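Reproduced below: entry05.cif, with mmCIF, C-alpha atoms and all ligand atoms.
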```
data_final
loop_
_atom_site.group_PDB
_atom_site.id
_atom_site.type_symbol
_atom_site.label_atom_id
_atom_site.label_comp_id
_atom_site.auth_asym_id
_atom_site.auth_seq_id
_atom_site.Cartn_x
_atom_site.Cartn_y
_atom_site.Cartn_z
ATOM 1 C CA MET W 1 0.000 0.000 0.000
ATOM 2 C CA ARG W 2 1.289 3.480 -0.899
ATOM 3 C CA PRO W 3 1.911 5.854 2.035
ATOM 4 C CA ARG W 4 -1.025 8.138 2.602
ATOM 5 C CA PRO W 5 -0.298 11.860 2.049
ATOM 6 C CA HIS W 6 -0.079 13.908 5.239
ATOM 7 C CA TYR W 7 0.036 17.677 4.775
ATOM 8 C CA GLY W 8 1.121 19.734 7.772
ATOM 9 C CA ASP W 9 -1.165 18.932 10.657
ATOM 10 C CA ARG W 10 -3.968 17.528 8.583
ATOM 11 C CA ASP W 11 -4.438 14.007 7.313
ATOM 12 C CA MET W 12 -5.546 13.912 3.678
ATOM 13 C CA GLY W 13 -7.080 11.232 1.533
ATOM 14 C CA ARG W 14 -8.128 9.074 4.426
ATOM 15 C CA ILE W 15 -10.352 6.072 4.210
ATOM 16 C CA VAL W 16 -13.065 6.533 6.811
ATOM 17 C CA TYR W 17 -15.827 4.257 8.052
ATOM 18 C CA LEU W 18 -19.494 5.212 7.786
ATOM 19 C CA ASN W 19 -22.350 2.836 8.627
ATOM 20 C CA GLY W 20 -20.721 -0.330 7.329
ATOM 21 C CA ASP W 21 -18.758 1.192 4.420
ATOM 22 C CA TYR W 22 -15.120 2.167 4.040
ATOM 23 C CA LEU W 23 -15.060 5.317 1.925
ATOM 24 C CA PRO W 24 -12.652 8.035 0.779
ATOM 25 C CA GLU W 25 -13.164 10.856 3.302
ATOM 26 C CA GLU W 26 -14.685 13.221 0.725
ATOM 27 C CA GLU W 27 -17.375 10.659 -0.108
ATOM 28 C CA ALA W 28 -18.512 10.004 3.464
ATOM 29 C CA LYS W 29 -21.659 12.079 3.977
ATOM 30 C CA VAL W 30 -24.125 12.360 6.854
ATOM 31 C CA SER W 31 -27.637 13.829 6.588
ATOM 32 C CA VAL W 32 -28.358 17.418 7.688
ATOM 33 C CA PHE W 33 -31.173 15.886 9.779
ATOM 34 C CA ASP W 34 -28.800 13.679 11.734
ATOM 35 C CA ARG W 35 -29.348 14.227 15.465
ATOM 36 C CA GLY W 36 -25.626 14.402 16.033
ATOM 37 C CA PHE W 37 -25.569 17.505 13.832
ATOM 38 C CA LEU W 38 -28.811 19.138 15.037
ATOM 39 C CA PHE W 39 -28.817 18.267 18.760
ATOM 40 C CA ALA W 40 -25.261 17.099 19.571
ATOM 41 C CA ASP W 41 -27.164 13.877 20.291
ATOM 42 C CA ALA W 42 -24.115 11.706 19.944
ATOM 43 C CA VAL W 43 -21.378 9.995 21.900
ATOM 44 C CA TYR W 44 -17.756 9.403 20.994
ATOM 45 C CA GLU W 45 -14.523 7.657 21.865
ATOM 46 C CA VAL W 46 -10.899 8.430 21.081
ATOM 47 C CA THR W 47 -8.577 5.437 21.148
ATOM 48 C CA SER W 48 -4.833 5.720 20.713
ATOM 49 C CA VAL W 49 -2.697 3.711 18.329
ATOM 50 C CA LEU W 50 0.979 2.979 18.944
ATOM 51 C CA ASP W 51 3.157 0.842 16.642
ATOM 52 C CA GLY W 52 -0.014 0.224 14.595
ATOM 53 C CA LYS W 53 -1.678 -1.378 17.637
ATOM 54 C CA ILE W 54 -4.752 -0.285 19.547
ATOM 55 C CA ILE W 55 -4.425 0.762 23.186
ATOM 56 C CA ALA W 56 -7.050 -0.053 25.838
ATOM 57 C CA PHE W 57 -9.725 -1.064 23.318
ATOM 58 C CA ASP W 58 -11.742 -2.939 25.907
ATOM 59 C CA GLY W 59 -12.128 0.081 28.191
ATOM 60 C CA HIS W 60 -13.204 2.346 25.336
ATOM 61 C CA VAL W 61 -15.907 0.033 24.011
ATOM 62 C CA LYS W 62 -17.277 -0.568 27.505
ATOM 63 C CA ARG W 63 -17.516 3.177 28.090
ATOM 64 C CA LEU W 64 -19.179 3.595 24.679
ATOM 65 C CA GLN W 65 -21.851 1.095 25.718
ATOM 66 C CA ARG W 66 -22.330 2.924 29.014
ATOM 67 C CA SER W 67 -22.679 6.304 27.257
ATOM 68 C CA CYS W 68 -25.340 4.839 24.943
ATOM 69 C CA ASP W 69 -27.193 3.224 27.830
ATOM 70 C CA GLU W 70 -27.191 6.433 29.892
ATOM 71 C CA LEU W 71 -28.727 8.336 26.955
ATOM 72 C CA GLY W 72 -31.163 5.603 25.966
ATOM 73 C CA ILE W 73 -29.519 5.165 22.553
ATOM 74 C CA ASP W 74 -30.556 1.715 21.401
ATOM 75 C CA TYR W 75 -27.184 0.286 20.426
ATOM 76 C CA GLN W 76 -25.496 -2.933 21.445
ATOM 77 C CA VAL W 77 -21.750 -2.810 21.040
ATOM 78 C CA ASN W 78 -20.371 -5.820 19.215
ATOM 79 C CA GLU W 79 -16.753 -5.804 20.400
ATOM 80 C CA ASP W 80 -15.475 -8.119 17.668
ATOM 81 C CA GLU W 81 -17.085 -6.118 14.894
ATOM 82 C CA LEU W 82 -15.858 -2.801 16.271
ATOM 83 C CA MET W 83 -12.375 -4.218 16.713
ATOM 84 C CA GLU W 84 -12.404 -5.309 13.088
ATOM 85 C CA VAL W 85 -13.361 -1.756 12.001
ATOM 86 C CA HIS W 86 -10.503 -0.325 14.090
ATOM 87 C CA ARG W 87 -8.042 -2.800 12.584
ATOM 88 C CA GLN W 88 -9.254 -2.161 9.045
ATOM 89 C CA LEU W 89 -8.873 1.594 9.477
ATOM 90 C CA VAL W 90 -5.357 1.200 10.862
ATOM 91 C CA ALA W 91 -4.447 -1.006 7.876
ATOM 92 C CA LYS W 92 -6.186 1.026 5.162
ATOM 93 C CA ASN W 93 -4.639 4.272 6.391
ATOM 94 C CA ASP W 94 -1.277 2.767 7.285
ATOM 95 C CA LEU W 95 -1.586 4.325 10.737
ATOM 96 C CA LYS W 96 1.436 3.755 12.948
ATOM 97 C CA GLU W 97 0.875 6.366 15.644
ATOM 98 C CA GLY W 98 -2.186 8.467 16.340
ATOM 99 C CA MET W 99 -5.824 8.075 17.229
ATOM 100 C CA ILE W 100 -9.025 6.482 16.051
ATOM 101 C CA TYR W 101 -12.074 8.682 16.545
ATOM 102 C CA LEU W 102 -15.461 6.977 16.840
ATOM 103 C CA GLN W 103 -18.765 8.857 16.866
ATOM 104 C CA LEU W 104 -22.178 7.323 17.244
ATOM 105 C CA THR W 105 -25.342 9.412 16.899
ATOM 106 C CA ARG W 106 -29.008 8.715 17.565
ATOM 107 C CA GLY W 107 -29.382 8.706 13.797
ATOM 108 C CA ASN W 108 -31.474 10.518 11.244
ATOM 109 C CA PRO W 109 -35.199 10.821 11.909
ATOM 110 C CA GLY W 110 -35.667 12.732 8.630
ATOM 111 C CA ASP W 111 -36.760 15.954 10.339
ATOM 112 C CA ARG W 112 -35.939 18.182 13.308
ATOM 113 C CA ASP W 113 -37.831 17.204 16.439
ATOM 114 C CA PHE W 114 -36.950 17.455 20.149
ATOM 115 C CA VAL W 115 -38.680 14.138 20.716
ATOM 116 C CA TYR W 116 -36.351 11.188 20.233
ATOM 117 C CA PRO W 117 -37.053 9.199 17.057
ATOM 118 C CA PRO W 118 -38.384 5.616 17.386
ATOM 119 C CA ALA W 119 -35.871 3.293 19.038
ATOM 120 C CA ASP W 120 -35.445 1.307 15.803
ATOM 121 C CA THR W 121 -34.080 4.366 13.955
ATOM 122 C CA PRO W 122 -30.614 3.240 12.812
ATOM 123 C CA VAL W 123 -27.738 4.956 14.592
ATOM 124 C CA THR W 124 -25.070 6.749 12.567
ATOM 125 C CA LEU W 125 -21.614 5.297 13.195
ATOM 126 C CA VAL W 126 -18.504 7.079 11.949
ATOM 127 C CA LEU W 127 -14.869 6.240 12.578
ATOM 128 C CA PHE W 128 -11.754 7.900 11.237
ATOM 129 C CA THR W 129 -8.037 7.948 11.928
ATOM 130 C CA GLN W 130 -5.864 10.892 12.862
ATOM 131 C CA THR W 131 -2.078 10.851 12.748
ATOM 132 C CA ALA W 132 -0.279 12.330 15.774
ATOM 133 C CA ASN W 133 3.137 12.293 17.430
ATOM 134 C CA LEU W 134 1.957 10.818 20.693
ATOM 135 C CA LEU W 135 5.346 9.619 21.901
ATOM 136 C CA ASP W 136 7.481 12.582 20.882
ATOM 137 C CA ASN W 137 5.122 15.294 22.025
ATOM 138 C CA PRO W 138 7.492 18.236 22.719
ATOM 139 C CA LYS W 139 5.489 19.149 25.851
ATOM 140 C CA ILE W 140 6.929 16.141 27.680
ATOM 141 C CA LYS W 141 10.256 17.973 27.975
ATOM 142 C CA THR W 142 8.913 21.382 28.989
ATOM 143 C CA GLY W 143 5.651 20.422 30.708
ATOM 144 C CA MET W 144 2.327 22.137 30.059
ATOM 145 C CA LYS W 145 1.052 25.428 31.398
ATOM 146 C CA VAL W 146 -2.614 25.754 32.320
ATOM 147 C CA ILE W 147 -5.057 28.423 33.440
ATOM 148 C CA SER W 148 -8.198 27.837 35.453
ATOM 149 C CA VAL W 149 -11.652 28.640 34.060
ATOM 150 C CA GLU W 150 -15.127 28.165 35.473
ATOM 151 C CA ASP W 151 -16.623 24.782 34.514
ATOM 152 C CA GLN W 152 -19.717 25.750 32.527
ATOM 153 C CA ARG W 153 -20.493 22.337 31.032
ATOM 154 C CA TRP W 154 -23.660 20.353 31.676
ATOM 155 C CA SER W 155 -23.806 18.164 34.768
ATOM 156 C CA ARG W 156 -23.489 14.722 33.118
ATOM 157 C CA ARG W 157 -19.837 14.909 32.198
ATOM 158 C CA ASP W 158 -19.498 11.191 32.876
ATOM 159 C CA ILE W 159 -21.256 10.594 29.539
ATOM 160 C CA LYS W 160 -18.847 11.100 26.655
ATOM 161 C CA THR W 161 -21.044 13.259 24.417
ATOM 162 C CA VAL W 162 -19.940 15.435 21.507
ATOM 163 C CA GLN W 163 -21.169 18.600 23.260
ATOM 164 C CA LEU W 164 -17.657 19.996 23.196
ATOM 165 C CA LEU W 165 -18.277 23.688 22.580
ATOM 166 C CA TYR W 166 -17.462 24.774 26.127
ATOM 167 C CA PRO W 167 -14.251 22.695 26.325
ATOM 168 C CA SER W 168 -13.325 24.200 22.973
ATOM 169 C CA MET W 169 -13.961 27.719 24.351
ATOM 170 C CA ALA W 170 -11.837 26.866 27.394
ATOM 171 C CA LYS W 171 -9.028 25.696 25.111
ATOM 172 C CA MET W 172 -9.251 28.968 23.168
ATOM 173 C CA ALA W 173 -9.120 30.962 26.432
ATOM 174 C CA ALA W 174 -5.950 29.049 27.297
ATOM 175 C CA LYS W 175 -4.423 29.800 23.891
ATOM 176 C CA ALA W 176 -5.357 33.489 24.249
ATOM 177 C CA ALA W 177 -3.580 33.502 27.625
ATOM 178 C CA GLY W 178 -0.474 32.027 25.967
ATOM 179 C CA VAL W 179 -0.740 28.652 27.720
ATOM 180 C CA ASP W 180 -1.559 25.090 26.707
ATOM 181 C CA ASP W 181 -4.809 24.127 28.371
ATOM 182 C CA ALA W 182 -7.485 25.042 30.906
ATOM 183 C CA TRP W 183 -8.420 23.293 34.143
ATOM 184 C CA MET W 184 -12.098 23.690 34.903
ATOM 185 C CA ILE W 185 -13.285 24.734 38.347
ATOM 186 C CA GLU W 186 -16.604 24.102 40.062
ATOM 187 C CA ASP W 187 -17.243 25.398 43.593
ATOM 188 C CA GLY W 188 -13.541 26.153 43.893
ATOM 189 C CA HIS W 189 -12.573 22.563 43.087
ATOM 190 C CA VAL W 190 -10.890 21.329 39.936
ATOM 191 C CA THR W 191 -13.089 19.027 37.876
ATOM 192 C CA GLU W 192 -10.806 18.187 34.936
ATOM 193 C CA GLY W 193 -8.895 19.610 31.978
ATOM 194 C CA SER W 194 -10.553 20.630 28.709
ATOM 195 C CA SER W 195 -10.146 17.079 27.377
ATOM 196 C CA ASN W 196 -8.214 15.236 30.066
ATOM 197 C CA ASN W 197 -8.237 14.241 33.737
ATOM 198 C CA ALA W 198 -6.283 16.401 36.193
ATOM 199 C CA TYR W 199 -3.897 15.345 38.995
ATOM 200 C CA ILE W 200 -1.670 16.974 41.567
ATOM 201 C CA VAL W 201 1.135 15.444 43.627
ATOM 202 C CA LYS W 202 1.823 16.567 47.188
ATOM 203 C CA ASP W 203 4.408 14.961 49.496
ATOM 204 C CA GLY W 204 4.569 11.962 47.173
ATOM 205 C CA LYS W 205 0.790 11.449 47.168
ATOM 206 C CA ILE W 206 -1.084 11.472 43.841
ATOM 207 C CA ILE W 207 -4.410 13.284 44.193
ATOM 208 C CA THR W 208 -7.139 13.220 41.547
ATOM 209 C CA ARG W 209 -10.852 13.890 41.657
ATOM 210 C CA HIS W 210 -13.051 10.945 42.611
ATOM 211 C CA LEU W 211 -15.406 9.491 39.980
ATOM 212 C CA GLY W 212 -18.906 10.901 39.710
ATOM 213 C CA ASN W 213 -21.092 12.770 37.220
ATOM 214 C CA GLU W 214 -18.753 15.785 37.365
ATOM 215 C CA ILE W 215 -15.937 14.249 35.320
ATOM 216 C CA LEU W 216 -15.350 11.817 32.518
ATOM 217 C CA HIS W 217 -14.249 8.431 33.776
ATOM 218 C CA GLY W 218 -11.003 8.399 31.846
ATOM 219 C CA ILE W 219 -9.768 5.095 30.515
ATOM 220 C CA THR W 220 -6.200 6.356 30.872
ATOM 221 C CA ARG W 221 -7.019 7.499 34.415
ATOM 222 C CA ALA W 222 -8.137 3.998 35.431
ATOM 223 C CA ALA W 223 -4.989 2.410 34.001
ATOM 224 C CA VAL W 224 -2.605 5.015 35.439
ATOM 225 C CA LEU W 225 -4.102 4.740 38.943
ATOM 226 C CA ALA W 226 -3.839 0.953 38.814
ATOM 227 C CA TYR W 227 -0.186 1.130 37.694
ATOM 228 C CA ALA W 228 0.549 3.756 40.365
ATOM 229 C CA LYS W 229 -0.893 1.522 43.077
ATOM 230 C CA SER W 230 1.001 -1.536 41.888
ATOM 231 C CA ALA W 231 4.193 0.557 41.946
ATOM 232 C CA GLN W 232 3.441 1.352 45.641
ATOM 233 C CA MET W 233 2.684 4.990 44.870
ATOM 234 C CA GLU W 234 0.103 6.504 47.186
ATOM 235 C CA VAL W 235 -3.159 7.563 45.498
ATOM 236 C CA GLU W 236 -5.998 9.648 46.919
ATOM 237 C CA GLU W 237 -9.220 10.084 44.918
ATOM 238 C CA ARG W 238 -10.878 13.281 46.122
ATOM 239 C CA ALA W 239 -11.730 16.782 44.984
ATOM 240 C CA PHE W 240 -8.921 19.328 45.340
ATOM 241 C CA THR W 241 -9.054 23.119 45.156
ATOM 242 C CA ILE W 242 -7.226 25.283 42.673
ATOM 243 C CA GLU W 243 -5.251 26.797 45.592
ATOM 244 C CA GLU W 244 -4.154 23.322 46.607
ATOM 245 C CA ALA W 245 -3.102 22.687 43.029
ATOM 246 C CA LYS W 246 -0.998 25.858 42.917
ATOM 247 C CA ALA W 247 0.752 24.769 46.127
ATOM 248 C CA ALA W 248 1.375 21.225 44.852
ATOM 249 C CA ASP W 249 4.835 19.764 44.214
ATOM 250 C CA GLU W 250 3.814 18.685 40.723
ATOM 251 C CA ALA W 251 0.815 18.170 38.500
ATOM 252 C CA PHE W 252 -0.131 16.262 35.374
ATOM 253 C CA ILE W 253 -2.980 15.252 33.097
ATOM 254 C CA THR W 254 -4.002 11.998 31.452
ATOM 255 C CA SER W 255 -5.950 11.160 28.291
ATOM 256 C CA ALA W 256 -5.816 8.816 25.322
ATOM 257 C CA SER W 257 -4.140 11.523 23.245
ATOM 258 C CA THR W 258 -1.556 12.702 25.804
ATOM 259 C CA PHE W 259 -1.087 9.558 27.974
ATOM 260 C CA VAL W 260 0.531 11.161 31.043
ATOM 261 C CA MET W 261 1.629 14.766 30.506
ATOM 262 C CA PRO W 262 3.323 16.943 33.137
ATOM 263 C CA VAL W 263 1.867 20.336 34.097
ATOM 264 C CA VAL W 264 4.414 22.874 35.371
ATOM 265 C CA GLU W 265 2.389 26.070 35.756
ATOM 266 C CA ILE W 266 -1.142 26.884 36.947
ATOM 267 C CA ASP W 267 -2.536 30.430 36.618
ATOM 268 C CA GLY W 268 1.008 31.785 36.324
ATOM 269 C CA VAL W 269 2.230 29.964 39.450
ATOM 270 C CA THR W 270 5.230 27.706 38.858
ATOM 271 C CA LEU W 271 5.082 24.251 40.442
ATOM 272 C CA GLY W 272 8.240 22.925 42.067
ATOM 273 C CA ASP W 273 11.256 23.972 40.019
ATOM 274 C CA GLY W 274 9.148 24.458 36.892
ATOM 275 C CA THR W 275 10.275 21.271 35.190
ATOM 276 C CA PRO W 276 8.230 18.078 34.639
ATOM 277 C CA GLY W 277 7.711 16.218 37.907
ATOM 278 C CA GLU W 278 9.272 12.904 38.835
ATOM 279 C CA SER W 279 5.966 11.117 39.505
ATOM 280 C CA ALA W 280 4.468 12.273 36.211
ATOM 281 C CA LEU W 281 7.453 11.064 34.208
ATOM 282 C CA ARG W 282 7.568 7.766 36.062
ATOM 283 C CA LEU W 283 3.854 7.192 35.508
ATOM 284 C CA ARG W 284 4.211 8.042 31.833
ATOM 285 C CA GLU W 285 6.925 5.421 31.481
ATOM 286 C CA LEU W 286 4.914 2.834 33.397
ATOM 287 C CA TYR W 287 1.798 3.596 31.366
ATOM 288 C CA LEU W 288 3.587 3.303 28.018
ATOM 289 C CA GLU W 289 5.362 0.107 28.998
ATOM 290 C CA GLU W 290 2.205 -1.634 30.236
ATOM 291 C CA SER W 291 -0.108 -0.324 27.499
ATOM 292 C CA ARG W 292 2.225 -1.422 24.750
ATOM 293 C CA LYS W 293 2.369 -4.901 26.240
ATOM 294 C CA GLN W 294 -1.420 -5.073 26.202
ATOM 295 C CA ALA W 295 -1.977 -3.346 22.835
ATOM 296 C CA VAL W 296 -3.837 -5.438 20.259
HETATM 297 N N1 LIG H 301 -10.787 13.319 25.658
HETATM 298 N N2 LIG H 301 -11.914 14.245 30.511
HETATM 299 C C1 LIG H 301 -12.433 14.758 29.391
HETATM 300 C C2 LIG H 301 -13.369 15.896 29.486
HETATM 301 C C3 LIG H 301 -12.069 14.220 28.142
HETATM 302 O O1 LIG H 301 -12.594 14.735 27.014
HETATM 303 C C4 LIG H 301 -11.140 13.142 28.088
HETATM 304 C C5 LIG H 301 -10.720 12.510 26.798
HETATM 305 C C6 LIG H 301 -10.627 12.645 29.301
HETATM 306 C C7 LIG H 301 -9.663 11.488 29.352
HETATM 307 O O2 LIG H 301 -10.290 10.281 29.026
HETATM 308 P P1 LIG H 301 -9.470 9.072 28.357
HETATM 309 O O3 LIG H 301 -8.341 8.780 29.259
HETATM 310 O O4 LIG H 301 -10.447 7.968 28.312
HETATM 311 O O5 LIG H 301 -9.001 9.546 27.006
HETATM 312 C C8 LIG H 301 -11.053 13.211 30.487
HETATM 313 C C9 LIG H 301 -10.445 12.802 24.360
HETATM 314 C C10 LIG H 301 -9.031 12.333 24.263
HETATM 315 C C11 LIG H 301 -10.812 13.839 23.307
HETATM 316 O O6 LIG H 301 -11.876 14.423 23.465
HETATM 317 O O7 LIG H 301 -10.081 14.027 22.328
#
```
Spit out the file's structure as structure tokens when you get a sec.
Amino acid sequence: MRPRPHYGDRDMGRIVYLNGDYLPEEEAKVSVFDRGFLFADAVYEVTSVLDGKIIAFDGHVKRLQRSCDELGIDYQVNEDELMEVHRQLVAKNDLKEGMIYLQLTRGNPGDRDFVYPPADTPVTLVLFTQTANLLDNPKIKTGMKVISVEDQRWSRRDIKTVQLLYPSMAKMAAKAAGVDDAWMIEDGHVTEGSSNNAYIVKDGKIITRHLGNEILHGITRAAVLAYAKSAQMEVEERAFTIEEAKAADEAFITSASTFVMPVVEIDGVTLGDGTPGESALRLRELYLEESRKQAV
């Protein structure tokens, strides 16, 4: 297979998946009446690919099923079928390192109506690949800088919906402030980053918000906490304030697209000596080592 052209930051000429078909990206079309388009009535997953292999597939498909169930979207995940689609996309696009994006909508009722369409309305299922330098992300060396912003998202952040306008606004606020990302704050406590889970480290203890409706239950989070515990690192799952974060020894984020990424500055306050923290770097190494072993 010929290498797929990749211009600047954008993949071109991809083969994408739409409702059972593999199509050139310019031929994949979704109706203007699709509820994903009109109501953001859709859920998604982002799964990382390293060495052409899929990381933590099982966790992502289980969360996809949960998101559908929570929203009453009548869809039964078939893990084998979805795995085959992921593999096909990796092969057809010659993807070595990057992500697979999956979006599933409540489908196309043929009109705009606040009432859900009948349960037997077929869902719309789209998957595509995106190339990215996940391993050699330059931010690993410098660490990320973040600002805090008020968390103005809806209150079911545990469901991975495509309502991403506010996180996108938060990201833009961060860019405008000359930093990398925003940590969102509710009642003085950090919920999570714009598209990642947030952690601080104090006196060797890793602190991250407990699970609930306020944050997404990160697949990377679950793995990283398990690896931390098996490496005898102390973990505390509880809400922490932004002041506590600014006084922390170190901080980091996790997600499928960043793995473990150090944070060195919060609202202009430098953490520790301003370089990536020891725990963050150790956890990144552990995460990569274990995930690669389990990649399929
Ligand atoms: N975002 N919190 C939020 C709000 C997220 O959007 C994400 C993931 C995470 C981390 O979850 P996981 O470890 O399962 O990737 C936490 C993806 C990467 C995205 O929207 O691109």
Select from chain W every residue with an atom at most 6 Å from any atom of ligand LIG 301 (chain H), then for each give the shortest pair of atoms and their distance in Å to one decimal, using only C-alpha atoms and all ligand atoms, rows by chain and rising number, as JSON lines.
```
{"residue": "W:Val46", "atom": "CA", "partner": "H:LIG301", "partner_atom": "C10", "distance": 5.4}
{"residue": "W:Ser194", "atom": "CA", "partner": "H:LIG301", "partner_atom": "C2", "distance": 5.6}
{"residue": "W:Ser195", "atom": "CA", "partner": "H:LIG301", "partner_atom": "O1", "distance": 3.4}
{"residue": "W:Asn196", "atom": "CA", "partner": "H:LIG301", "partner_atom": "C8", "distance": 3.5}
{"residue": "W:Asn197", "atom": "CA", "partner": "H:LIG301", "partner_atom": "C8", "distance": 4.4}
{"residue": "W:Leu216", "atom": "CA", "partner": "H:LIG301", "partner_atom": "N2", "distance": 4.7}
{"residue": "W:Gly218", "atom": "CA", "partner": "H:LIG301", "partner_atom": "O2", "distance": 3.5}
{"residue": "W:Ile219", "atom": "CA", "partner": "H:LIG301", "partner_atom": "O4", "distance": 3.7}
{"residue": "W:Thr220", "atom": "CA", "partner": "H:LIG301", "partner_atom": "O3", "distance": 3.6}
{"residue": "W:Arg221", "atom": "CA", "partner": "H:LIG301", "partner_atom": "O3", "distance": 5.5}
{"residue": "W:Thr254", "atom": "CA", "partner": "H:LIG301", "partner_atom": "O3", "distance": 5.8}
{"residue": "W:Ser255", "atom": "CA", "partner": "H:LIG301", "partner_atom": "O3", "distance": 3.5}
{"residue": "W:Ala256", "atom": "CA", "partner": "H:LIG301", "partner_atom": "O5", "distance": 3.7}
{"residue": "W:Ser257", "atom": "CA", "partner": "H:LIG301", "partner_atom": "C10", "distance": 5.1}
```
Could you give me the axis-aligned bounding box of stretch 147-158 of chain W, with 3 Å of padding per side, as centre plus edge lengths in Å to one decimal, as JSON?
```
{"center_x": -14.4, "center_y": 19.9, "center_z": 33.3, "size_x": 24.7, "size_y": 23.4, "size_z": 10.4}
```
*Kindly indicate which residue among W:Asp203, W:Glu81, W:Glu150, W:Asp136 lies nearest to W:Asp249, using all atoms listed in the file for the distances.*
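Looking at the shortest contact to W:Asp249, the residue is W:Asp203.
Atom CA of W:Gln163 lies 17.8 Å from atom CA of W:Arg112.
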*asked:* Given all atoms listed in the file as the basis, pick out the residue of W:Arg292, W:His86, W:Arg153, W:Lys229 nearest to W:Leu165.
replied: W:Arg153
*Smallest atom-to-atom distance to W:Thr47: which of W:Leu271, W:Asp181, W:Thr142, W:Val296, using only C-alpha atoms?*
W:Val296
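Between atom CA of W:Arg87 and atom CA of W:Leu286 lies a distance of 25.2 Å.
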_W:Glu244, W:Asp58, W:Asp158, W:Glu25 ranked by distance to W:Val43, top pick (using only C-alpha atoms)_ =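 Smallest separation from W:Val43 among the options: W:Asp158.
Within a radius of 6 Å around (-1.7, 11.6, 14.9), the polymer residues are Glu97, Gly98, Met99, Gln130, Thr131, Ala132 and Asn133 of chain W, counting only C-alpha atoms.
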Prev. selection, C-alpha atoms, output as a compact mmCIF listing (two decimals), keeping the file's coordinate frame:
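To be explicit, this is the file written out as out.txt:
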```txt
# COMPACT_ATOMS: atom_id res chain seq x y z
CA GLU W 97 0.88 6.37 15.64
CA GLY W 98 -2.19 8.47 16.34
CA MET W 99 -5.82 8.07 17.23
CA GLN W 130 -5.86 10.89 12.86
CA THR W 131 -2.08 10.85 12.75
CA ALA W 132 -0.28 12.33 15.77
CA ASN W 133 3.14 12.29 17.43
```
Taking the file above as input, evaluate the PyMOL selection byres (((chain W and resi 231) around 12) and not hetatm) and report the hits as a CSV table (one decimal) with C-alpha atoms, in the frame of the given file.
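Generated output (part-v6.csv):
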```
chain,number,residue,atom,x,y,z
W,224,VAL,CA,-2.6,5.0,35.4
W,225,LEU,CA,-4.1,4.7,38.9
W,226,ALA,CA,-3.8,1.0,38.8
W,227,TYR,CA,-0.2,1.1,37.7
W,228,ALA,CA,0.5,3.8,40.4
W,229,LYS,CA,-0.9,1.5,43.1
W,230,SER,CA,1.0,-1.5,41.9
W,232,GLN,CA,3.4,1.4,45.6
W,233,MET,CA,2.7,5.0,44.9
W,234,GLU,CA,0.1,6.5,47.2
W,235,VAL,CA,-3.2,7.6,45.5
W,279,SER,CA,6.0,11.1,39.5
W,282,ARG,CA,7.6,7.8,36.1
W,283,LEU,CA,3.9,7.2,35.5
W,285,GLU,CA,6.9,5.4,31.5
W,286,LEU,CA,4.9,2.8,33.4
W,287,TYR,CA,1.8,3.6,31.4
```
*Written as a ChimeraX atom specification, which residues does the PyMOL selection byres (((chain W and resi 10-15) around 10) and not hetatm) give for the file shown?*
/W:4-9,16-18,21-28,88-94,127-132
*Picked residues, the PyMOL selection byres (((chain W and resi 191) around 10) and not hetatm), as a VMD selection string*: chain W and resid 150 to 151 157 183 to 190 192 to 194 196 to 199 208 to 210 214 to 216 239 to 242
